[in-house]
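Enquirer: The structure under discussion is supplied below as C-alpha cells; questions concerning it will follow.
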Amino acid sequence: MSKSEKKKSLNMYKAILSLKDLKECQEFFEDICSMSELYSMEQRYEVAEMLQEEKVYTEIMKETGASSATVSRVKRMLFYGTGCLDRIMKRLRSNESE
C-alpha cells in the first residue's frame with residue numbers, strides 16, 4: 001500500500017474519532033454504509049456480546065438471526081483477532097455499571 005493510499009484509509013478512521021455524540025455517529029454510519037452493511041455490523045456486535053455471555057450457538061442464531069457461519073466467524077475474531085472488540089465491550093460494560 002502506498003503512502004497516499006495509507007493516508008486515505010486513515011482519513012475515515014480519523015473522521016470516526018471526530019464524531020461528537022451517538023446521534024452523529026448513527027448518522028455518519030447511515031451515510032457511509034448501506035442498510036445491509038449496517039445490519040451486518042450490528043448483528044455481528046450482538047453476536048459478540050452473546051458469545052461473551054457464553055450463550056450457545058443455537059440460542060445466538062435464534063435471537064439474532066445470524067447464521068452458524070457468522071457466529072463462528074465472530075467467535076474466531078473475538079478470540080483470535082486484535083482483542084480490540086473485547087476491550088471495548090468490557091469498557092462499555094464497566095461504564096454502564098458505574
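Chain labels follow the order of the C-alpha cells: the first chain is A, the next B, and so on; residue numbering restarts at 1 in every chain, and ligands are counted from 1 in their shown order.
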Per residue of stretch 1-67 of chain A within 9 Å of stretch 80-92 of chain A, note the shortest atom pair and the distance in Å to one decimal, counting only C-alpha atoms, and order the rows by chain and increasing residue number, as a Markdown table.
Expert:
| residue | atom | partner | partner_atom | distance |
| --- | --- | --- | --- | --- |
| A:Tyr45 | CA | A:Leu85 | CA | 8.8 |
| A:Ala48 | CA | A:Asp86 | CA | 8.5 |
| A:Glu49 | CA | A:Met89 | CA | 7.6 |
| A:Gln52 | CA | A:Asp86 | CA | 8.4 |
Enquirer: Report the residues of chain A whose backbone DSSP state falls under alpha helix (DSSP H), written as a ChimeraX atom specification.
Expert: /A:3-17,22-32,35-52,57-64,68-80,84-97
Enquirer: Neighbouring residues of stretch 25-40 of chain A were defined as those with any atom within 12 Å, considering only C-alpha atoms; residues of the same chain fewer than 4 positions away were excluded. Please report them as a ChimeraX atom specification.
Expert: /A:12-13,15-21,44-47,64-67,70-71,74
Enquirer: Include all heavy atoms and write out the residues we just selected as a short mmCIF file (atom, residue, chain, number, x, y, z; two decimals), in the first residue's frame.
Expert:
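For reference, out-v6.cif as written:
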data_model
loop_
_atom_site.label_atom_id
_atom_site.label_comp_id
_atom_site.auth_asym_id
_atom_site.auth_seq_id
_atom_site.Cartn_x
_atom_site.Cartn_y
_atom_site.Cartn_z
N MET A 12 -10.71 7.95 7.07
CA MET A 12 -12.01 7.51 7.55
C MET A 12 -11.99 7.28 9.06
O MET A 12 -12.90 7.67 9.78
CB MET A 12 -12.46 6.23 6.85
CG MET A 12 -13.87 5.81 7.30
SD MET A 12 -14.35 4.18 6.77
CE MET A 12 -13.34 3.14 7.80
N TYR A 13 -10.92 6.68 9.57
CA TYR A 13 -10.82 6.41 11.00
C TYR A 13 -10.68 7.71 11.79
O TYR A 13 -11.24 7.84 12.88
CB TYR A 13 -9.66 5.45 11.29
CG TYR A 13 -9.89 4.11 10.61
CD1 TYR A 13 -9.22 3.79 9.44
CD2 TYR A 13 -10.83 3.21 11.11
CE1 TYR A 13 -9.46 2.58 8.81
CE2 TYR A 13 -11.07 2.01 10.47
CZ TYR A 13 -10.38 1.70 9.32
OH TYR A 13 -10.63 0.51 8.68
N ALA A 15 -12.04 10.48 10.83
CA ALA A 15 -13.39 11.03 10.81
C ALA A 15 -14.25 10.39 11.91
O ALA A 15 -14.99 11.08 12.62
CB ALA A 15 -14.04 10.81 9.44
N ILE A 16 -14.12 9.08 12.08
CA ILE A 16 -14.88 8.38 13.13
C ILE A 16 -14.50 8.92 14.51
O ILE A 16 -15.36 9.17 15.34
CB ILE A 16 -14.68 6.86 13.03
CG1 ILE A 16 -15.32 6.33 11.74
CG2 ILE A 16 -15.23 6.14 14.26
CD1 ILE A 16 -14.93 4.91 11.38
N LEU A 17 -13.22 9.13 14.73
CA LEU A 17 -12.77 9.65 16.02
C LEU A 17 -13.27 11.07 16.28
O LEU A 17 -13.33 11.49 17.43
CB LEU A 17 -11.24 9.62 16.11
CG LEU A 17 -10.62 8.24 16.27
CD1 LEU A 17 -9.11 8.33 16.17
CD2 LEU A 17 -11.04 7.61 17.59
N SER A 18 -13.64 11.78 15.23
CA SER A 18 -14.10 13.16 15.41
C SER A 18 -15.60 13.26 15.70
O SER A 18 -16.10 14.35 15.98
CB SER A 18 -13.77 14.00 14.17
OG SER A 18 -14.66 13.70 13.11
N LEU A 19 -16.32 12.14 15.64
CA LEU A 19 -17.77 12.17 15.88
C LEU A 19 -18.05 12.64 17.30
O LEU A 19 -17.39 12.24 18.24
CB LEU A 19 -18.38 10.80 15.61
CG LEU A 19 -18.21 10.30 14.17
CD1 LEU A 19 -18.65 8.86 14.05
CD2 LEU A 19 -18.94 11.19 13.19
N LYS A 20 -19.05 13.51 17.44
CA LYS A 20 -19.30 14.20 18.70
C LYS A 20 -20.21 13.45 19.67
O LYS A 20 -20.07 13.56 20.87
CB LYS A 20 -19.89 15.58 18.43
CG LYS A 20 -18.90 16.53 17.78
CD LYS A 20 -19.54 17.89 17.53
CE LYS A 20 -18.54 18.89 17.04
NZ LYS A 20 -18.17 18.76 15.67
N ASP A 21 -21.18 12.70 19.14
CA ASP A 21 -22.13 12.03 20.03
C ASP A 21 -22.77 10.84 19.31
O ASP A 21 -22.48 10.59 18.13
CB ASP A 21 -23.19 13.01 20.54
CG ASP A 21 -23.95 13.73 19.44
OD1 ASP A 21 -24.12 13.16 18.34
OD2 ASP A 21 -24.39 14.87 19.67
N ARG A 44 -23.32 -8.61 14.02
CA ARG A 44 -22.06 -9.19 14.49
C ARG A 44 -21.72 -8.71 15.90
O ARG A 44 -21.23 -9.48 16.72
CB ARG A 44 -20.93 -8.85 13.53
CG ARG A 44 -21.02 -9.60 12.24
CD ARG A 44 -19.96 -9.19 11.27
NE ARG A 44 -20.19 -9.84 9.99
CZ ARG A 44 -19.57 -9.54 8.89
NH1 ARG A 44 -18.64 -8.60 8.89
NH2 ARG A 44 -19.84 -10.17 7.78
N TYR A 45 -21.98 -7.45 16.17
CA TYR A 45 -21.72 -6.93 17.51
C TYR A 45 -22.62 -7.63 18.53
O TYR A 45 -22.16 -8.03 19.60
CB TYR A 45 -21.94 -5.42 17.56
CG TYR A 45 -21.48 -4.82 18.86
CD1 TYR A 45 -20.15 -4.46 19.04
CD2 TYR A 45 -22.36 -4.66 19.93
CE1 TYR A 45 -19.71 -3.94 20.25
CE2 TYR A 45 -21.92 -4.14 21.13
CZ TYR A 45 -20.60 -3.79 21.28
OH TYR A 45 -20.17 -3.28 22.48
N GLU A 46 -23.89 -7.81 18.18
CA GLU A 46 -24.82 -8.51 19.07
C GLU A 46 -24.37 -9.95 19.30
O GLU A 46 -24.40 -10.46 20.43
CB GLU A 46 -26.23 -8.48 18.47
CG GLU A 46 -27.30 -9.02 19.38
CD GLU A 46 -28.70 -8.92 18.79
OE1 GLU A 46 -28.85 -8.53 17.62
OE2 GLU A 46 -29.64 -9.27 19.52
N VAL A 47 -23.90 -10.61 18.26
CA VAL A 47 -23.37 -11.97 18.38
C VAL A 47 -22.18 -11.98 19.33
O VAL A 47 -22.07 -12.84 20.21
CB VAL A 47 -23.00 -12.55 17.00
CG1 VAL A 47 -22.17 -13.83 17.13
CG2 VAL A 47 -24.26 -12.81 16.17
N THR A 64 -30.60 -13.69 17.15
CA THR A 64 -30.05 -12.66 16.27
C THR A 64 -30.40 -12.85 14.80
O THR A 64 -30.29 -11.92 14.02
CB THR A 64 -28.51 -12.61 16.37
OG1 THR A 64 -27.97 -13.83 15.86
CG2 THR A 64 -28.05 -12.34 17.79
N GLY A 65 -30.76 -14.07 14.44
CA GLY A 65 -30.99 -14.37 13.03
C GLY A 65 -29.70 -14.62 12.27
O GLY A 65 -29.71 -14.79 11.05
N ALA A 66 -28.58 -14.65 12.97
CA ALA A 66 -27.28 -14.89 12.34
C ALA A 66 -27.13 -16.36 11.97
O ALA A 66 -27.67 -17.24 12.64
CB ALA A 66 -26.15 -14.48 13.30
N SER A 67 -26.39 -16.60 10.92
CA SER A 67 -26.12 -17.97 10.50
C SER A 67 -25.03 -18.56 11.40
O SER A 67 -24.31 -17.83 12.08
CB SER A 67 -25.64 -18.00 9.05
OG SER A 67 -24.37 -17.37 8.95
N THR A 70 -21.73 -17.07 10.52
CA THR A 70 -21.49 -15.74 11.09
C THR A 70 -21.08 -15.86 12.55
O THR A 70 -20.13 -15.21 12.99
CB THR A 70 -22.73 -14.83 10.94
OG1 THR A 70 -22.97 -14.63 9.55
CG2 THR A 70 -22.55 -13.50 11.64
N VAL A 71 -21.78 -16.69 13.31
CA VAL A 71 -21.44 -16.87 14.72
C VAL A 71 -20.02 -17.40 14.84
O VAL A 71 -19.23 -16.91 15.65
CB VAL A 71 -22.45 -17.81 15.42
CG1 VAL A 71 -22.03 -18.06 16.87
CG2 VAL A 71 -23.86 -17.23 15.37
N VAL A 74 -17.48 -14.62 14.00
CA VAL A 74 -17.37 -13.65 15.10
C VAL A 74 -16.59 -14.26 16.26
O VAL A 74 -15.75 -13.59 16.87
CB VAL A 74 -18.76 -13.15 15.54
CG1 VAL A 74 -18.66 -12.29 16.80
CG2 VAL A 74 -19.42 -12.36 14.42
#
Enquirer: Interatomic distance between atom CA of A:Met41 and atom CA of A:Glu98?
Expert: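 We find that atom CA of A:Met41 and atom CA of A:Glu98 lie 26.9 Å from each other.
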Enquirer: By how many Å are atom CA of A:Glu54 and atom CA of A:Ser94 apart?
Expert: 18.0 Å
Enquirer: What is the distance between atom CA of A:Met77 and atom CA of A:Glu24, in Å to one decimal?
Expert: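 Computing the Euclidean distance for atom CA of A:Met77 and atom CA of A:Glu24 yields 27.3 Å.
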